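Heads up, upload.cif below (mmCIF, C-alpha atoms):
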data_entry
loop_
_atom_site.label_atom_id
_atom_site.label_comp_id
_atom_site.auth_asym_id
_atom_site.auth_seq_id
_atom_site.Cartn_x
_atom_site.Cartn_y
_atom_site.Cartn_z
CA MET Y 1 -5.28 -9.78 31.54
CA GLU Y 2 -7.24 -9.85 28.34
CA ARG Y 3 -5.59 -9.72 24.93
CA VAL Y 4 -7.49 -7.69 22.34
CA PRO Y 5 -6.43 -7.97 18.69
CA LEU Y 6 -6.06 -4.61 17.02
CA GLU Y 7 -4.47 -4.96 13.54
CA ARG Y 8 -3.82 -1.30 12.99
CA LYS Y 9 -1.01 0.29 10.98
CA VAL Y 10 1.43 2.20 13.18
CA LEU Y 11 1.73 5.02 10.64
CA SER Y 12 -1.99 5.14 9.89
CA GLU Y 13 -2.08 8.94 10.18
CA ASN Y 14 0.77 9.36 7.67
CA ASP Y 15 -0.82 6.72 5.43
CA ARG Y 16 -4.15 8.56 5.54
CA ILE Y 17 -2.56 11.83 4.39
CA ALA Y 18 -0.49 9.98 1.76
CA ALA Y 19 -3.64 8.31 0.39
CA ASP Y 20 -5.29 11.72 0.18
CA LEU Y 21 -2.27 13.13 -1.70
CA ARG Y 22 -2.25 10.12 -4.04
CA ALA Y 23 -5.92 10.71 -4.84
CA ARG Y 24 -5.27 14.40 -5.55
CA PHE Y 25 -2.30 13.57 -7.77
CA ALA Y 26 -4.41 11.04 -9.69
CA GLU Y 27 -7.23 13.53 -10.11
CA GLN Y 28 -4.81 16.07 -11.62
CA ASN Y 29 -2.89 13.45 -13.67
CA ILE Y 30 0.32 14.17 -11.77
CA LEU Y 31 3.10 11.59 -11.74
CA CYS Y 32 4.86 11.88 -8.38
CA LEU Y 33 8.26 10.24 -7.81
CA ASN Y 34 10.14 9.98 -4.50
CA LEU Y 35 13.95 9.97 -4.84
CA ILE Y 36 15.87 8.38 -1.97
CA SER Y 37 19.59 7.77 -1.37
CA SER Y 38 22.44 8.18 1.07
CA PRO Y 39 23.76 11.73 1.45
CA GLY Y 40 25.99 12.58 -1.50
CA SER Y 41 24.87 9.85 -3.94
CA GLY Y 42 23.71 12.43 -6.46
CA LYS Y 43 19.96 13.00 -6.10
CA THR Y 44 20.27 16.73 -6.67
CA SER Y 45 22.66 16.22 -9.62
CA LEU Y 46 20.24 13.77 -11.20
CA LEU Y 47 17.46 16.33 -10.82
CA GLU Y 48 19.69 19.03 -12.37
CA ARG Y 49 20.40 16.84 -15.38
CA THR Y 50 16.69 15.98 -15.62
CA LEU Y 51 15.46 19.57 -15.42
CA GLU Y 52 18.04 20.80 -17.94
CA SER Y 53 16.70 18.27 -20.46
CA PHE Y 54 13.20 19.77 -20.32
CA GLY Y 55 11.84 22.53 -22.52
CA PRO Y 56 10.48 25.67 -20.83
CA ARG Y 57 6.87 24.55 -21.16
CA GLU Y 58 7.41 21.30 -19.27
CA ARG Y 59 4.94 21.16 -16.35
CA VAL Y 60 7.35 19.89 -13.72
CA ALA Y 61 7.79 20.89 -10.08
CA VAL Y 62 10.32 19.83 -7.46
CA LEU Y 63 10.26 19.48 -3.69
CA THR Y 64 13.63 18.98 -2.08
CA GLY Y 65 14.12 17.91 1.53
CA ASP Y 66 17.08 18.61 3.76
CA ILE Y 67 17.67 18.94 7.46
CA GLN Y 68 19.11 22.42 6.98
CA THR Y 69 19.89 25.00 4.23
CA GLU Y 70 18.14 26.12 1.06
CA ASN Y 71 21.18 25.12 -1.03
CA ASP Y 72 19.50 22.41 -3.09
CA ALA Y 73 16.48 24.57 -3.93
CA LYS Y 74 18.88 27.29 -5.13
CA ARG Y 75 20.73 24.78 -7.31
CA LEU Y 76 17.48 23.54 -8.82
CA ALA Y 77 15.62 26.87 -9.15
CA ARG Y 78 17.93 28.14 -11.92
CA PHE Y 79 16.15 25.91 -14.46
CA GLY Y 80 13.03 28.07 -14.14
CA PHE Y 81 10.60 25.46 -12.81
CA PRO Y 82 8.77 25.71 -9.47
CA VAL Y 83 11.05 24.41 -6.70
CA LYS Y 84 10.43 24.41 -2.98
CA GLN Y 85 12.83 23.48 -0.20
CA ILE Y 86 11.48 21.56 2.77
CA THR Y 87 13.84 22.00 5.71
CA THR Y 88 12.95 19.44 8.33
CA GLY Y 89 15.02 21.00 11.12
CA GLY Y 90 16.46 17.67 12.26
CA THR Y 91 13.97 15.08 11.07
CA CYS Y 92 15.77 12.48 8.95
CA HIS Y 93 12.98 11.89 6.40
CA LEU Y 94 10.03 13.61 4.73
CA ASP Y 95 6.53 12.63 5.78
CA ALA Y 96 3.20 13.04 4.01
CA ARG Y 97 2.16 16.07 6.06
CA MET Y 98 5.29 17.97 4.99
CA ILE Y 99 4.36 17.34 1.34
CA GLU Y 100 0.77 18.40 1.96
CA ARG Y 101 1.97 21.69 3.49
CA ALA Y 102 4.60 22.32 0.83
CA ILE Y 103 2.17 22.07 -2.09
CA GLN Y 104 -0.72 23.95 -0.51
CA ASP Y 105 -0.08 27.17 -2.43
CA TRP Y 106 0.77 25.47 -5.74
CA ARG Y 107 -1.82 25.12 -8.50
CA LEU Y 108 -1.77 21.35 -8.97
CA GLU Y 109 -3.58 21.66 -12.30
CA ASP Y 110 -0.40 23.30 -13.67
CA ILE Y 111 1.79 20.30 -12.76
CA ASP Y 112 2.24 16.99 -14.62
CA LEU Y 113 5.37 15.72 -12.92
CA LEU Y 114 6.25 16.20 -9.25
CA LEU Y 115 9.75 15.13 -8.27
CA ILE Y 116 10.46 14.79 -4.56
CA GLU Y 117 14.04 14.62 -3.34
CA ASN Y 118 13.96 13.05 0.10
CA VAL Y 119 16.42 13.74 2.93
CA GLY Y 120 19.70 11.85 2.32
CA ASN Y 121 19.15 8.65 4.29
CA LEU Y 122 18.63 5.04 3.21
CA VAL Y 123 16.67 3.93 6.27
CA CYS Y 124 13.94 6.22 7.56
CA PRO Y 125 12.48 7.57 4.27
CA SER Y 126 11.57 4.01 3.31
CA SER Y 127 8.92 3.89 6.07
CA TYR Y 128 7.00 7.01 5.03
CA ASP Y 129 4.58 6.96 2.11
CA LEU Y 130 4.44 10.42 0.51
CA GLY Y 131 1.63 9.61 -1.93
CA GLU Y 132 4.17 8.94 -4.69
CA ALA Y 133 3.59 6.60 -7.64
CA SER Y 134 7.10 5.14 -7.25
CA LYS Y 135 10.14 5.32 -5.06
CA LEU Y 136 13.53 5.46 -6.79
CA VAL Y 137 16.80 4.75 -5.03
CA VAL Y 138 20.11 6.26 -6.13
CA LEU Y 139 23.30 4.32 -5.34
CA SER Y 140 26.69 5.70 -6.36
CA VAL Y 141 29.79 3.70 -7.19
CA THR Y 142 31.78 5.37 -4.40
CA GLU Y 143 29.61 3.47 -1.92
CA GLY Y 144 29.67 -0.25 -1.14
CA GLU Y 145 28.19 -2.71 -3.61
CA ASP Y 146 26.55 -4.50 -0.67
CA LYS Y 147 24.26 -1.57 0.17
CA PRO Y 148 21.18 -3.36 -1.27
CA LEU Y 149 21.81 -6.14 1.25
CA LYS Y 150 22.50 -3.78 4.14
CA TYR Y 151 19.46 -1.60 3.46
CA PRO Y 152 16.98 -4.08 1.94
CA SER Y 153 13.89 -2.07 2.84
CA ILE Y 154 14.48 0.80 0.43
CA PHE Y 155 15.81 -1.41 -2.37
CA PHE Y 156 12.79 -3.67 -1.97
CA LYS Y 157 10.35 -0.77 -2.14
CA SER Y 158 11.98 1.07 -5.05
CA GLU Y 159 10.90 0.54 -8.63
CA VAL Y 160 14.25 1.66 -10.01
CA VAL Y 161 17.86 1.63 -8.82
CA ILE Y 162 19.88 4.43 -10.40
CA LEU Y 163 23.58 3.55 -10.31
CA ASN Y 164 25.25 6.95 -10.40
CA LYS Y 165 28.83 8.21 -10.88
CA ILE Y 166 29.74 5.43 -13.32
CA ASP Y 167 32.42 7.76 -14.75
CA LEU Y 168 34.38 6.96 -11.55
CA LEU Y 169 34.34 3.18 -12.09
CA PRO Y 170 37.97 3.05 -13.31
CA TYR Y 171 39.14 4.70 -10.07
CA VAL Y 172 37.17 2.86 -7.38
CA PRO Y 173 37.02 -0.81 -6.32
CA PHE Y 174 33.28 -1.05 -7.02
CA ASP Y 175 32.03 -4.32 -8.52
CA ILE Y 176 29.07 -3.12 -10.55
CA ALA Y 177 27.92 -6.64 -11.49
CA ALA Y 178 27.87 -7.60 -7.79
CA ALA Y 179 25.95 -4.42 -6.93
CA GLU Y 180 23.33 -5.23 -9.55
CA GLU Y 181 23.08 -8.83 -8.40
CA ASN Y 182 22.64 -7.67 -4.80
CA ALA Y 183 19.89 -5.28 -5.89
CA ARG Y 184 18.10 -8.12 -7.68
CA ARG Y 185 18.53 -10.42 -4.69
CA THR Y 186 16.68 -7.87 -2.61
CA HIS Y 187 14.14 -6.99 -5.30
CA LYS Y 188 13.76 -9.52 -8.08
CA ASN Y 189 12.40 -7.36 -10.89
CA VAL Y 190 13.96 -4.04 -10.01
CA GLU Y 191 14.93 -1.83 -12.95
CA ILE Y 192 18.58 -0.74 -12.92
CA ILE Y 193 19.81 2.31 -14.82
CA ARG Y 194 23.51 3.22 -14.95
CA VAL Y 195 24.22 6.94 -15.21
CA SER Y 196 26.86 9.59 -14.75
CA CYS Y 197 25.52 13.01 -13.93
CA GLN Y 198 28.98 14.42 -14.74
CA THR Y 199 29.55 13.00 -18.24
CA ARG Y 200 25.79 12.53 -18.86
CA GLU Y 201 26.42 8.91 -19.88
CA GLY Y 202 23.22 6.91 -19.41
CA MET Y 203 21.05 10.01 -19.09
CA ASN Y 204 19.13 8.95 -22.21
CA ASP Y 205 18.26 5.65 -20.53
CA TRP Y 206 17.01 7.47 -17.44
CA LEU Y 207 15.00 9.99 -19.45
CA ALA Y 208 13.55 7.17 -21.59
CA TRP Y 209 12.41 5.38 -18.42
CA LEU Y 210 10.90 8.61 -17.13
CA ASN Y 211 9.04 9.15 -20.41
CA ARG Y 212 7.71 5.59 -20.42
CA LYS Y 213 6.55 6.03 -16.84
CA ARG Y 214 4.81 9.31 -17.68
CA GLU Y 215 3.10 7.74 -20.68
CA SER Y 216 1.88 4.71 -18.75
CA SER Y 217 0.68 6.96 -15.94
CA ARG Y 218 -1.25 9.10 -18.45
CA ALA Y 219 -2.69 6.00 -20.12
CA ALA Y 220 -3.80 4.63 -16.74
CA ALA Y 221 -5.45 7.95 -15.90
CA ALA Y 222 -7.24 8.07 -19.26
CA ALA Y 223 -8.53 4.52 -18.78
CA SER Y 224 -9.96 5.17 -15.32
CA MET T 1 16.87 7.36 13.61
CA HIS T 2 13.12 7.73 13.21
CA GLU T 3 12.13 5.24 15.89
CA MET T 4 11.16 8.10 18.22
CA GLY T 5 8.55 9.19 15.69
CA ILE T 6 7.37 5.62 15.19
CA ALA T 7 7.12 5.02 18.96
CA ASN T 8 5.21 8.28 19.27
CA SER T 9 2.76 7.12 16.60
CA VAL T 10 2.18 3.91 18.61
CA LEU T 11 1.44 5.99 21.72
CA ASP T 12 -0.94 8.25 19.77
CA ALA T 13 -2.80 5.12 18.71
CA ILE T 14 -2.86 3.85 22.33
CA ARG T 15 -4.28 7.16 23.55
CA GLU T 16 -7.03 6.83 20.96
CA GLU T 17 -7.70 3.23 21.98
CA THR T 18 -7.93 4.10 25.71
CA LEU T 19 -11.22 5.81 24.85
CA ARG T 20 -12.58 2.38 23.87
CA PHE T 21 -11.54 0.91 27.22
CA PRO T 22 -12.82 3.45 29.75
CA ASP T 23 -12.83 0.95 32.62
CA GLY T 24 -9.41 -0.57 32.26
CA HIS T 25 -5.76 0.28 31.93
CA ILE T 26 -3.80 -0.90 28.88
CA TYR T 27 -0.75 -2.78 30.16
CA LYS T 28 0.86 -3.99 27.03
CA VAL T 29 0.93 -3.29 23.31
CA GLY T 30 2.12 -5.79 20.71
CA VAL T 31 3.83 -4.35 17.65
CA ARG T 32 4.77 -6.33 14.58
CA ILE T 33 7.93 -5.12 12.84
CA GLY T 34 8.96 -6.64 9.53
CA GLU T 35 12.60 -6.95 8.55
CA LEU T 36 11.85 -4.67 5.61
CA ALA T 37 10.03 -2.04 7.66
CA GLY T 38 13.25 -0.12 8.25
CA VAL T 39 12.70 0.04 12.00
CA ASP T 40 15.25 -1.17 14.54
CA PRO T 41 13.55 -3.11 17.36
CA ASP T 42 16.12 -2.14 20.04
CA ALA T 43 15.96 1.55 19.18
CA MET T 44 12.17 1.27 19.10
CA SER T 45 12.06 -0.27 22.61
CA PHE T 46 14.42 2.39 23.93
CA CYS T 47 12.33 5.23 22.51
CA PHE T 48 9.09 3.65 23.66
CA GLU T 49 10.28 3.37 27.26
CA ALA T 50 11.58 6.93 27.25
CA LEU T 51 8.28 8.29 25.93
CA VAL T 52 6.07 6.31 28.34
CA ARG T 53 8.07 7.17 31.48
CA GLY T 54 6.30 9.68 33.70
CA THR T 55 3.06 9.70 31.69
CA GLU T 56 -0.48 8.52 32.44
CA LEU T 57 0.20 5.48 30.22
CA GLU T 58 2.55 3.91 32.81
CA PRO T 59 2.84 0.99 33.29
CA LEU T 60 2.79 0.10 29.61
CA ALA T 61 5.02 -2.59 28.14
CA LEU T 62 5.97 -3.14 24.53
CA GLU T 63 6.15 -6.58 22.97
CA ILE T 64 7.79 -6.69 19.55
CA GLU T 65 7.21 -9.49 17.11
CA TYR T 66 10.02 -9.29 14.55
CA CYS T 67 8.95 -10.77 11.20
CA PRO T 68 11.48 -12.05 8.68
CA ARG T 69 10.96 -11.78 4.94
CA ARG T 70 8.65 -14.57 3.81
CA TYR T 71 8.41 -15.95 0.34
CA GLN T 72 6.72 -18.74 -1.53
CA CYS T 73 8.74 -20.42 -4.26
CA GLU T 74 6.87 -20.36 -7.55
CA ALA T 75 8.90 -23.30 -8.85
CA CYS T 76 8.48 -25.83 -6.01
CA GLY T 77 5.75 -24.20 -3.95
CA ARG T 78 7.66 -24.17 -0.67
CA SER T 79 6.99 -21.29 1.76
CA TYR T 80 10.04 -20.09 3.65
CA ALA T 81 11.57 -17.26 5.68
CA ALA T 82 14.52 -15.80 3.78
CA SER T 83 17.88 -15.04 5.32
CA THR T 84 18.96 -11.42 5.26
CA ASP T 85 21.06 -11.52 2.12
CA ASP T 86 19.70 -14.49 0.27
CA PRO T 87 16.03 -14.69 -0.69
CA ALA T 88 16.55 -17.76 -2.89
CA CYS T 89 14.46 -20.87 -2.16
CA PRO T 90 16.31 -23.18 0.29
CA GLU T 91 14.67 -26.19 -1.36
CA CYS T 92 15.47 -25.71 -5.03
CA GLY T 93 17.73 -22.63 -5.02
CA ARG T 94 15.54 -20.71 -7.47
CA MET T 95 14.87 -16.99 -7.14
CA GLU T 96 11.37 -17.20 -8.62
CA SER T 97 9.58 -16.52 -5.36
CA LYS T 98 6.49 -14.57 -4.56
CA PHE T 99 6.81 -12.09 -1.68
CA LEU T 100 4.43 -12.99 1.16
CA GLY T 101 5.41 -10.55 3.88
CA GLY T 102 8.11 -8.97 6.00
CA ASP T 103 7.39 -5.25 5.66
CA GLU T 104 4.86 -5.06 8.50
CA LEU T 105 4.66 -2.10 10.85
CA GLU T 106 1.47 -2.80 12.74
CA ILE T 107 -0.06 -2.75 16.15
CA ALA T 108 -1.12 -6.37 16.56
CA PHE T 109 -2.80 -6.40 19.98
CA LEU T 110 -3.38 -4.68 23.30
CA GLU T 111 -3.51 -6.29 26.72
CA VAL T 112 -6.08 -4.70 28.97
CA GLU T 113 -7.34 -5.38 32.47
CA ASP T 114 -9.81 -8.25 32.67
CA GLY T 115 -13.40 -7.11 32.41
CA ALA T 116 -12.53 -3.86 30.68
CA ARG T 117 -14.96 -4.39 27.91
CA ALA T 118 -14.41 -2.27 24.84
CA ALA T 119 -16.95 0.53 24.73
CA GLY T 120 -19.42 0.00 21.93
CA THR T 121 -18.35 -3.56 21.23
#
How would this structure read if it were set down as structure tokens?
Amino acid sequence: MERVPLERKVLSENDRIAADLRARFAEQNILCLNLISSPGSGKTSLLERTLESFGPRERVAVLTGDIQTENDAKRLARFGFPVKQITTGGTCHLDARMIERAIQDWRLEDIDLLLIENVGNLVCPSSYDLGEASKLVVLSVTEGEDKPLKYPSIFFKSEVVILNKIDLLPYVPFDIAAAEENARRTHKNVEIIRVSCQTREGMNDWLAWLNRKRESSRAAAAAS
Amino acid sequence: MHEMGIANSVLDAIREETLRFPDGHIYKVGVRIGELAGVDPDAMSFCFEALVRGTELEPLALEIEYCPRRYQCEACGRSYAASTDDPACPECGRMESKFLGGDELEIAFLEVEDGARAAGT
């Protein structure tokens, strides 16, 4: 038996499509963000609060992934921006080809910010590059503060941890300092933003981060 | 549970590689899975076996090399594999470490019949 070294990425086909998407987003100066969390952590609520903060001329579009139903797209469409639901029919994550298909009839030159809400799952979405500039992970205070240790892959790969539902802190045994320490153990320099999508506390911090990210992305595009 | 899709991607790659080895069967594939890859090795093996069974690829074994998170301490210079919940340097306890690896999801090698020279190589 002869052993032949190969050194080939398992998801090379997904990575190829993701690289192509990334190049198209760069060409059109689109900032693409990939939101990931457990089911029910508040990805859709965060997007609602984000979209409601934008003026009508904001060039933002949203893709939202779920296994079934168009419910999230309906929730998000009422803000008047382009929204498309991707129903995966059982697949527990979005992959690059689904994004490629979903945007094929959109005019990318009309979009500056593309927000992707992944399927609620902390494991599988972390393996699939969607061509995004950054992954963001949402963790809510009704979950365990050890989630960054249990699911290190997604916390390691995310640029920001959004700690949601902080209005519930008085009612749940969630140690927010421990949660933040666990996140930093998994990912040393991760940015942490505390928000409540119900009371809107912390939304200014989140929107300020988003603005900084959009500015640095525009500056990088102008320099290249 | 996305290991079925991952296993399927490995088999797609193997089918492509068989074209390079027209004279020999591929008996084994080595896959490197990092701790941070988000792929469970047991589930991966289970899916792999289920997908190979009854196909032209039989017999085809899977060897998984599981790779822990690896860091190099920027304070004392020591390289180390981190435990699951504590990436701090075991030497000096600092958290100022550079990430070296542990998110691999790669096909490392194939084992083919002796003499099955790769076409075009």
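Across Y:Leu114, Y:Ala23, Y:Leu94, Y:Ala223, the tightest approach to chain T is made by Y:Leu94 when counting only C-alpha atoms.
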Step by step, work through what the PyMOL selection byres ((chain Y) within 7 of (chain T)) selects in the shown file, and finish by giving those residues as a CSV table (one decimal) with C-alpha atoms, in the coordinates of the input.
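Okay, this is what ended up in out_16.csv:
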chain,number,residue,atom,x,y,z
Y,1,MET,CA,-5.3,-9.8,31.5
Y,2,GLU,CA,-7.2,-9.8,28.3
Y,3,ARG,CA,-5.6,-9.7,24.9
Y,4,VAL,CA,-7.5,-7.7,22.3
Y,5,PRO,CA,-6.4,-8.0,18.7
Y,6,LEU,CA,-6.1,-4.6,17.0
Y,7,GLU,CA,-4.5,-5.0,13.5
Y,8,ARG,CA,-3.8,-1.3,13.0
Y,9,LYS,CA,-1.0,0.3,11.0
Y,10,VAL,CA,1.4,2.2,13.2
Y,11,LEU,CA,1.7,5.0,10.6
Y,92,CYS,CA,15.8,12.5,9.0
Y,123,VAL,CA,16.7,3.9,6.3
Y,124,CYS,CA,13.9,6.2,7.6
Y,126,SER,CA,11.6,4.0,3.3
Y,127,SER,CA,8.9,3.9,6.1
Y,149,LEU,CA,21.8,-6.1,1.2
Y,152,PRO,CA,17.0,-4.1,1.9
Y,153,SER,CA,13.9,-2.1,2.8
Y,185,ARG,CA,18.5,-10.4,-4.7
Legend entry - Separation of atom CA of T:Glu91 from atom CA of T:Tyr71, in Å and rounded to one decimal: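 Separating atom CA of T:Glu91 from atom CA of T:Tyr71 is a distance of 12.1 Å.
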Inset, instruction - Please provide as a PyMOL selection string all residues within 12 Å of Y:Tyr171, with the sequence filter that same-chain residues fewer than 6 positions apart are discarded (counting all atoms listed in the file). - result: chain Y and resi 141-142+165
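Of the listed residues (Y:Lys157, Y:Lys43, Y:Lys147, Y:Arg78), Y:Lys43 comes nearest to Y:Gly120; the distances count only C-alpha atoms.
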Legend entry - Gap from atom CA of T:Gly93 to atom CA of Y:Tyr151 - Å, one decimal: 22.7 Å
The PyMOL selection byres ((chain T and resi 69) around 6) applied to the shown file, residues as a PDB file with C-alpha atoms, in the coordinates of the input:
ATOM      1  CA  PRO T  68      11.480 -12.050   8.680  1.00  0.00           C
ATOM      2  CA  ARG T  70       8.650 -14.570   3.810  1.00  0.00           C
ATOM      3  CA  ALA T  81      11.570 -17.260   5.680  1.00  0.00           C
ATOM      4  CA  ALA T  82      14.520 -15.800   3.780  1.00  0.00           C
ATOM      5  CA  GLY T 101       5.410 -10.550   3.880  1.00  0.00           C
ATOM      6  CA  GLY T 102       8.110  -8.970   6.000  1.00  0.00           C
TER       7      GLY T 102
END
Legend entry - Residues within 12 Å of Y:Ser53, only C-alpha atoms, excluding chain neighbours under 5 positions, as a ChimeraX atom specification: /Y:46-48,58,60,79,200,203-204,206-208,210-211
Inset, instruction - Please measure the separation of atom CA of Y:Phe174 and atom CA of Y:Gly65, giving the value in Å to one decimal. - result: 28.3 Å
Inset, instruction - Tell me which protein, DNA and RNA residues are within 6 Å of Y:Thr186, counting all atoms listed in the file, leaving out same-chain ones fewer than 2 positions away, and put them as a list in words. - result: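 Using all atoms listed in the file, the neighbours found are Pro152, Phe156, Ala183 and Arg184 of chain Y.
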Inset, instruction - Pick out the residues sitting within 7 Å of Y:Lys84, and hand them over as a PyMOL selection string; count all atoms listed in the file, and ignore anything fewer than 4 positions along from it in its own chain. - result: chain Y and resi 62-64+73
Legend entry - Spatial neighbours of T:Met4, 8 Å, only C-alpha atoms, chain gap at least 4 places, as a list in words: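 The residues that qualify are Asn8, Met44, Cys47 and Phe48 of chain T.
Around the coordinate (30.5, 0.2, -4.3), residues that reach within 9 Å when counting all atoms listed in the file are Leu139, Ser140, Val141, Thr142, Glu143, Gly144, Glu145, Asp146, Lys147, Val172, Pro173, Phe174, Asp175, Ile176, Ala178 and Ala179 of chain Y.
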Inset, instruction - Using the chain letters and residue numbers of this document, give as a list in words the residues selected by the PyMOL selection byres ((chain Y and resi 45) around 10). - result: Gly40, Ser41, Gly42, Lys43, Thr44, Leu46, Leu47, Glu48, Arg49, Thr50, Leu51, Asp72, Arg75, Leu76, Asn164, Ser196, Cys197 and Gln198 of chain Y
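Across Y:Arg214, Y:Arg24, Y:His187, Y:Arg97, the tightest approach to Y:Val160 is made by Y:His187 when counting all atoms listed in the file.
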Inset, instruction - Name the residues within 9 Å of (15.7, 27.9, -18.0), counting all atoms listed in the file in the file's coordinates, and put them as a PyMOL selection string. - result: chain Y and resi 51-52+54-56+77-81
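Each of Y:Leu33, Y:Ile103, Y:Leu130, Y:Leu113 was checked against Y:Ala19 using all atoms listed in the file; the smallest atom-to-atom distance is that of Y:Leu130.
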